[in-house]
Amino acid sequence: MKRSNTILGIAAVMVVSLIAFPTLERKVSAGPPTAEVKIDNFSYSPATLTVKAGTQVTWTNHDDMPHTVTSEDQSFKSKALDTDEKFSFTPSKPGTYTYYCSIHPKMTGKLVVE
Amino acid sequence: MQKNSEAILFDHNHDGIDRRGFLKCMAWAGTGALCVLQGGVLKSYSLSDPSHAKKAAAGDLSFVQISDSHMGFNKPANPDVAATLQAAVQKINALSVPPEFILHTGDISHLSKPGEFDNVDQILKSARTQDVFFVPGEHDVLEDDGKQYRERYGKNTKGAGWYSFDKKGVHFIGLVNVMNLKAGGLGSLGTEQLEWLEDDTKHLSKSTPLVVFAHIPLWTIYPEWGWGTEDSAQALAYLRRFGSVTVLNGHIHQTMQKVEGNVTFHTAASPAFPQPHPGAAPSAGPMKVPPEQLRSLLGVTDVNHVHGSHALAVIDSTLE
């Protein structure tokens with residue numbers, strides 16, 4: 001058999017395995033579940049985010065002004081995030097966490113943890 | 001700008017002040033007019049009118065308000081807020097009547113960084129007057145509850161940085177309404193500060209002109225964007241008996257004024273970046289404009305008090 005055919009053959013088997021065993025791929029790239037909140041135009045979106053406990057939630061500031069992510073019950077609080085800076089929090093306890101921007105307190109959001 | 005004079009036409013409060021005429025005069029202020037109240041008669045002069053110097057010399061007290069320098073901001077519409085702050089200082093230095101001192105109504109820095117405060121201090125060193133009084137904005141008290149702000153600018157102040165002082169018979173009160181902001185809320189003065197304010201003004205005669213300065217407006221301009229102070233009504237109640245109260249604020253990066261009884265409210269433009277009119281944009285953030293328009297939307301405020309007159313003359317000028 002020609003060498004290129006062998007290579008093609010091996011490639012085909014690999015592709016077929018990946019299609020047939022997609023779970024294999026997921027196990028290889030496993031990590032904690034993640035979720036995102038975008039900050040822009042003086043608002044959080046989604047305004048209400050629902051996640052399972054243990055999910056790493058990351059807020060990214062896309063606005064041209066700095067903002068914070070400050071929970072009302074003090075369970076999480078970011079430093080002032082300038083444009084493109086991020087803050088992550090992984091809630092372990094279920095509950096509803098209301099949060100806001102301590103610089104612009106009219107900005108509010110809700111994190112619902114199941 | 002023509003020379004113009006307005007006699008008292010409407011004296012509803014029977015105190016010799018034509019408020020409607022005063023408001024009209026303040027509306028001209030955006031073009032660089034000086035309104036001076038002398039013995040109840042309003043006169044307006046162009047800032048470039050040479051007789052202004054003589055008239056203003058009859059004024060006993062002259063100072064400047066600047067606000068929202070946001071040192072550290074570097075995005076559209078202004079990538080160089082240091083240059084526009086320099087231009088603002090040059091504008092102040094070019095006033096025909098030199099101001100005795102400067103009031104900075106907060107958001108000195110953009111991110112409370114030491115270098116940002118240092119830069120503002122450096123630029124203000126070239127102002128004709130080195131007497132500068134500050135109150136903090138919410139951008140000045142990030143991370144440390146205002147500890148750095150107070151170390152730099154809050155010597156001899158109380159609580160979060162409030163204080164008062166007197167200049168030529170006018171009583172100045174610096175208030176802090178940017179601490180402990182609650183979710184969904186507006187600016188806040190707090191009980192301790194309100195009690196101090198009541199005590200501070202208790203023994204003053206009602207003919208003492210008052211100037212109250214704070215970062216966030218002490219009147220409700222647009223609550224949706226947080227442009228107001230939750231408990232300012234209580235503060236204003238303590239000041240109601242005074243014949244002349246001038247409230248100077250910043251935070252909204254545009255000039256706005258309102259006259260209510262004996263109280264004149266005024267907000268200053270920023271020398272850093274403009275913000276949209278209430279509700280005119282999806283949010284309150286920096287307004288992007290073509291570079292050639294920028295300086296016409298940035299500015300400083302000149303304030304003059306003529307001894308014996310009730311209201312202070314408040315004049316806004318743009319950088320260009």
# chains A, B, ... in the order shown; residues from 1 in each chain; ligands from 1
$ select_by_dssp --residues "stretch 17-113 of chain A" --states "helix (DSSP H, G or I)" --output "ChimeraX atom specification"
/A:17-20,22-28
$ write_last_selection --atoms "N, CA and C atoms" --output "mmCIF file, in the first residue's frame"
data_model
loop_
_atom_site.group_PDB
_atom_site.id
_atom_site.type_symbol
_atom_site.label_atom_id
_atom_site.label_comp_id
_atom_site.auth_asym_id
_atom_site.auth_seq_id
_atom_site.Cartn_x
_atom_site.Cartn_y
_atom_site.Cartn_z
ATOM 1 N N SER A 17 -13.774 7.535 14.502
ATOM 2 C CA SER A 17 -13.834 7.334 15.964
ATOM 3 C C SER A 17 -14.352 8.555 16.670
ATOM 4 N N LEU A 18 -13.904 9.714 16.201
ATOM 5 C CA LEU A 18 -14.342 10.955 16.848
ATOM 6 C C LEU A 18 -15.837 11.146 16.680
ATOM 7 N N ILE A 19 -16.338 10.769 15.477
ATOM 8 C CA ILE A 19 -17.770 10.912 15.232
ATOM 9 C C ILE A 19 -18.529 9.872 16.042
ATOM 10 N N ALA A 20 -17.995 8.635 16.044
ATOM 11 C CA ALA A 20 -18.698 7.548 16.729
ATOM 12 C C ALA A 20 -18.611 7.689 18.232
ATOM 13 N N PRO A 22 -18.145 10.606 20.352
ATOM 14 C CA PRO A 22 -17.975 12.019 20.681
ATOM 15 C C PRO A 22 -17.690 12.236 22.168
ATOM 16 N N THR A 23 -18.146 11.332 23.024
ATOM 17 C CA THR A 23 -17.919 11.475 24.469
ATOM 18 C C THR A 23 -16.438 11.451 24.791
ATOM 19 N N LEU A 24 -15.695 10.764 23.955
ATOM 20 C CA LEU A 24 -14.247 10.703 24.158
ATOM 21 C C LEU A 24 -13.653 12.107 24.157
ATOM 22 N N GLU A 25 -14.159 12.895 23.177
ATOM 23 C CA GLU A 25 -13.617 14.247 23.018
ATOM 24 C C GLU A 25 -13.970 15.103 24.229
ATOM 25 N N ARG A 26 -15.207 14.957 24.694
ATOM 26 C CA ARG A 26 -15.638 15.777 25.833
ATOM 27 C C ARG A 26 -14.818 15.433 27.067
ATOM 28 N N LYS A 27 -14.541 14.198 27.291
ATOM 29 C CA LYS A 27 -13.786 13.816 28.483
ATOM 30 C C LYS A 27 -12.400 14.432 28.435
ATOM 31 N N VAL A 28 -11.824 14.463 27.261
ATOM 32 C CA VAL A 28 -10.469 15.017 27.127
ATOM 33 C C VAL A 28 -10.439 16.507 27.490
#
$ residues_around --residues "B:Val132" --least-positions-apart "6" --cutoff "12 Å" --atoms "only C-alpha atoms" --output "PyMOL selection string"
chain B and resi 63-67+99-106+120-121+124-125+152-154
$ write_last_selection --atoms "C-alpha atoms" --output "PDB file, in the first residue's frame"
ATOM      1  CA  PHE B  63     -13.466  81.633  42.282  1.00  0.00           C
ATOM      2  CA  VAL B  64     -13.591  78.846  39.740  1.00  0.00           C
ATOM      3  CA  GLN B  65     -15.242  75.448  39.768  1.00  0.00           C
ATOM      4  CA  ILE B  66     -13.757  72.579  37.782  1.00  0.00           C
ATOM      5  CA  SER B  67     -15.055  69.040  37.886  1.00  0.00           C
ATOM      6  CA  PRO B  99      -9.917  83.574  40.890  1.00  0.00           C
ATOM      7  CA  GLU B 100      -8.931  83.435  44.515  1.00  0.00           C
ATOM      8  CA  PHE B 101      -9.259  79.668  44.638  1.00  0.00           C
ATOM      9  CA  ILE B 102     -10.530  76.632  42.757  1.00  0.00           C
ATOM     10  CA  LEU B 103     -13.231  74.182  43.798  1.00  0.00           C
ATOM     11  CA  HIS B 104     -12.842  70.712  42.270  1.00  0.00           C
ATOM     12  CA  THR B 105     -16.146  68.864  42.583  1.00  0.00           C
ATOM     13  CA  GLY B 106     -14.713  65.378  42.169  1.00  0.00           C
ATOM     14  CA  VAL B 120      -3.807  66.322  38.273  1.00  0.00           C
ATOM     15  CA  ASP B 121      -1.750  67.865  41.073  1.00  0.00           C
ATOM     16  CA  LEU B 124      -2.930  72.325  38.745  1.00  0.00           C
ATOM     17  CA  LYS B 125       0.512  73.610  39.790  1.00  0.00           C
ATOM     18  CA  ARG B 152      -4.186  63.598  49.676  1.00  0.00           C
ATOM     19  CA  TYR B 153      -7.035  66.107  49.831  1.00  0.00           C
ATOM     20  CA  GLY B 154      -8.964  65.558  53.031  1.00  0.00           C
TER      21      GLY B 154
END
$ atom_distance --atom1 "atom CA of B:Phe265" --atom2 "atom CA of B:Asn93"
25.1 Å
$ interface_residues --of "chain A" --to "chain B" --cutoff "12 Å" --atoms "only C-alpha atoms" --output "PyMOL selection string"
chain A and resi 40-43+63-73+77-83+98-110
$ write_last_selection --atoms "N, CA and C atoms" --output "tab-separated table (two decimals), in the first residue's frame"
chain	number	residue	atom	x	y	z
A	40	ASP	N	-21.84	46.09	29.53
A	40	ASP	CA	-21.71	47.10	28.48
A	40	ASP	C	-22.83	48.12	28.64
A	41	ASN	N	-22.59	49.35	28.20
A	41	ASN	CA	-23.64	50.38	28.28
A	41	ASN	C	-24.30	50.44	29.65
A	42	PHE	N	-23.49	50.41	30.69
A	42	PHE	CA	-23.99	50.54	32.06
A	42	PHE	C	-25.04	49.48	32.37
A	43	SER	N	-24.86	48.26	31.86
A	43	SER	CA	-25.79	47.19	32.22
A	43	SER	C	-25.10	45.84	32.14
A	63	ASP	N	-17.53	47.87	28.43
A	63	ASP	CA	-17.94	49.27	28.40
A	63	ASP	C	-16.71	50.16	28.40
A	64	ASP	N	-16.88	51.44	28.07
A	64	ASP	CA	-15.73	52.34	28.09
A	64	ASP	C	-15.58	53.06	29.43
A	65	MET	N	-16.35	52.61	30.43
A	65	MET	CA	-16.21	53.13	31.79
A	65	MET	C	-15.96	51.95	32.72
A	66	PRO	N	-15.26	52.16	33.83
A	66	PRO	CA	-15.02	51.04	34.76
A	66	PRO	C	-16.30	50.70	35.53
A	67	HIS	N	-16.44	49.44	35.86
A	67	HIS	CA	-17.59	48.98	36.67
A	67	HIS	C	-17.12	47.95	37.66
A	68	THR	N	-17.93	47.68	38.68
A	68	THR	CA	-17.62	46.58	39.59
A	68	THR	C	-18.78	45.60	39.58
A	69	VAL	N	-18.51	44.44	40.19
A	69	VAL	CA	-19.54	43.43	40.40
A	69	VAL	C	-19.56	43.21	41.91
A	70	THR	N	-20.58	43.70	42.56
A	70	THR	CA	-20.61	43.69	44.03
A	70	THR	C	-21.92	43.07	44.50
A	71	SER	N	-21.83	41.94	45.20
A	71	SER	CA	-23.08	41.32	45.64
A	71	SER	C	-23.59	42.04	46.86
A	72	GLU	N	-24.89	42.13	46.97
A	72	GLU	CA	-25.49	42.85	48.10
A	72	GLU	C	-25.21	42.18	49.43
A	73	ASP	N	-25.03	40.85	49.41
A	73	ASP	CA	-24.80	40.14	50.68
A	73	ASP	C	-23.31	39.93	50.96
A	77	LYS	N	-17.25	40.24	45.41
A	77	LYS	CA	-17.01	41.66	45.14
A	77	LYS	C	-15.75	41.79	44.29
A	78	SER	N	-15.88	42.41	43.13
A	78	SER	CA	-14.71	42.57	42.27
A	78	SER	C	-14.05	43.90	42.59
A	79	LYS	N	-12.82	44.03	42.11
A	79	LYS	CA	-12.20	45.37	42.14
A	79	LYS	C	-12.81	46.13	40.96
A	80	ALA	N	-12.47	47.39	40.81
A	80	ALA	CA	-12.98	48.16	39.67
A	80	ALA	C	-12.39	47.56	38.39
A	81	LEU	N	-13.26	47.17	37.48
A	81	LEU	CA	-12.82	46.55	36.22
A	81	LEU	C	-12.78	47.60	35.12
A	82	ASP	N	-11.61	47.82	34.56
A	82	ASP	CA	-11.53	48.73	33.43
A	82	ASP	C	-11.96	47.95	32.18
A	83	THR	N	-11.98	48.61	31.03
A	83	THR	CA	-12.41	47.97	29.79
A	83	THR	C	-11.58	46.71	29.53
A	98	THR	N	-28.31	39.02	44.42
A	98	THR	CA	-28.47	40.26	43.67
A	98	THR	C	-27.14	41.02	43.79
A	99	TYR	N	-26.74	41.63	42.72
A	99	TYR	CA	-25.47	42.35	42.74
A	99	TYR	C	-25.62	43.67	41.99
A	100	TYR	N	-24.64	44.53	42.10
A	100	TYR	CA	-24.73	45.83	41.44
A	100	TYR	C	-23.33	46.39	41.24
A	101	CYS	N	-23.27	47.51	40.53
A	101	CYS	CA	-22.00	48.19	40.35
A	101	CYS	C	-21.87	49.24	41.45
A	102	SER	N	-20.84	49.12	42.29
A	102	SER	CA	-20.72	50.04	43.43
A	102	SER	C	-20.34	51.45	42.99
A	103	ILE	N	-19.91	51.60	41.73
A	103	ILE	CA	-19.58	52.94	41.20
A	103	ILE	C	-20.83	53.58	40.61
A	104	HIS	N	-21.65	52.77	39.95
A	104	HIS	CA	-22.87	53.26	39.31
A	104	HIS	C	-24.02	52.39	39.81
A	105	PRO	N	-24.51	52.68	41.02
A	105	PRO	CA	-25.39	51.72	41.70
A	105	PRO	C	-26.72	51.45	41.02
A	106	LYS	N	-27.08	52.25	40.03
A	106	LYS	CA	-28.31	51.96	39.29
A	106	LYS	C	-28.17	50.69	38.44
A	107	MET	N	-26.94	50.25	38.20
A	107	MET	CA	-26.71	49.02	37.44
A	107	MET	C	-26.88	47.84	38.37
A	108	THR	N	-27.87	47.00	38.11
A	108	THR	CA	-28.08	45.84	38.97
A	108	THR	C	-28.21	44.57	38.14
A	109	GLY	N	-27.90	43.44	38.78
A	109	GLY	CA	-28.02	42.16	38.09
A	109	GLY	C	-28.39	41.09	39.11
A	110	LYS	N	-28.71	39.91	38.59
A	110	LYS	CA	-29.11	38.83	39.48
A	110	LYS	C	-28.45	37.54	39.04
$ closest_residue --among "A:Thr60, A:Leu111, A:Gly95, A:Asn5" --to "A:Ile39" --atoms "only C-alpha atoms"
A:Thr60
$ select_by_dssp --residues "stretch 16-89 of chain A" --states "strand (DSSP E)" --output "MDAnalysis selection string"
chainID A and resid 34:40 43:45 48:51 56:61 70:71 86:89
$ atom_distance --atom1 "atom CA of B:Ser188" --atom2 "atom CA of B:Gly228"
8.7 Å
$ atom_distance --atom1 "atom CA of B:Asp145" --atom2 "atom CA of B:Gly159"
11.1 Å
$ residues_around --residues "B:Glu192" --least-positions-apart "6" --cutoff "12 Å" --atoms "only C-alpha atoms" --output "PyMOL selection string"
chain B and resi 158-162+175-177+198-199+231+235
$ residues_around --residues "B:Tyr238" --least-positions-apart "3" --cutoff "9 Å" --atoms "only C-alpha atoms" --output "PyMOL selection string"
chain B and resi 194+197-198+201-202+233-235+241-242
$ residues_around --residues "B:Asn78" --least-positions-apart "3" --cutoff "10 Å" --atoms "only C-alpha atoms" --output "list of chain:residue names"
B:Phe73, B:Asn74, B:Lys75, B:Val81, B:Ala82, B:Ala83, B:Thr84, B:Pro271, B:Ala272, B:Phe273, B:Pro274, B:Pro286, B:Met287, B:Lys288, B:Val289, B:Pro290, B:Pro291, B:Leu294, B:Arg295
$ write_last_selection --atoms "N, CA and C atoms" --output "short mmCIF file (atom, residue, chain, number, x, y, z; two decimals), in the first residue's frame"
data_model
loop_
_atom_site.label_atom_id
_atom_site.label_comp_id
_atom_site.auth_asym_id
_atom_site.auth_seq_id
_atom_site.Cartn_x
_atom_site.Cartn_y
_atom_site.Cartn_z
N PHE B 73 -8.50 58.44 32.07
CA PHE B 73 -9.40 58.08 30.97
C PHE B 73 -8.66 58.30 29.66
N ASN B 74 -8.82 57.34 28.72
CA ASN B 74 -8.03 57.48 27.48
C ASN B 74 -8.76 56.97 26.25
N LYS B 75 -10.07 57.08 26.23
CA LYS B 75 -10.84 56.52 25.12
C LYS B 75 -11.55 57.63 24.35
N VAL B 81 -6.84 63.38 28.21
CA VAL B 81 -7.53 64.24 29.17
C VAL B 81 -6.55 65.18 29.89
N ALA B 82 -5.26 64.84 29.86
CA ALA B 82 -4.28 65.74 30.48
C ALA B 82 -4.18 67.03 29.66
N ALA B 83 -4.20 66.88 28.35
CA ALA B 83 -4.11 68.07 27.48
C ALA B 83 -5.32 68.97 27.66
N THR B 84 -6.52 68.40 27.77
CA THR B 84 -7.70 69.25 27.92
C THR B 84 -7.76 69.83 29.33
N PRO B 271 -13.70 68.90 32.00
CA PRO B 271 -12.62 69.17 31.05
C PRO B 271 -12.10 67.88 30.40
N ALA B 272 -12.79 66.75 30.65
CA ALA B 272 -12.31 65.46 30.12
C ALA B 272 -13.18 64.92 28.98
N PHE B 273 -14.44 64.69 29.25
CA PHE B 273 -15.33 64.21 28.19
C PHE B 273 -16.77 64.59 28.51
N PRO B 274 -17.57 64.83 27.44
CA PRO B 274 -18.97 65.17 27.68
C PRO B 274 -19.80 63.91 27.88
N PRO B 286 -19.44 58.11 28.31
CA PRO B 286 -18.79 59.15 27.52
C PRO B 286 -19.46 59.33 26.15
N MET B 287 -19.69 60.58 25.77
CA MET B 287 -20.33 60.85 24.50
C MET B 287 -19.23 60.99 23.45
N LYS B 288 -19.38 60.23 22.37
CA LYS B 288 -18.35 60.30 21.34
C LYS B 288 -18.74 61.39 20.34
N VAL B 289 -17.81 62.30 20.10
CA VAL B 289 -18.08 63.39 19.15
C VAL B 289 -16.86 63.55 18.25
N PRO B 290 -17.03 64.19 17.08
CA PRO B 290 -15.85 64.41 16.22
C PRO B 290 -14.82 65.27 16.96
N PRO B 291 -13.53 65.01 16.74
CA PRO B 291 -12.47 65.70 17.48
C PRO B 291 -12.59 67.22 17.44
N LEU B 294 -14.94 68.45 20.20
CA LEU B 294 -14.73 68.05 21.59
C LEU B 294 -14.62 69.23 22.55
N ARG B 295 -13.71 70.16 22.26
CA ARG B 295 -13.44 71.21 23.23
C ARG B 295 -14.60 72.17 23.43
#
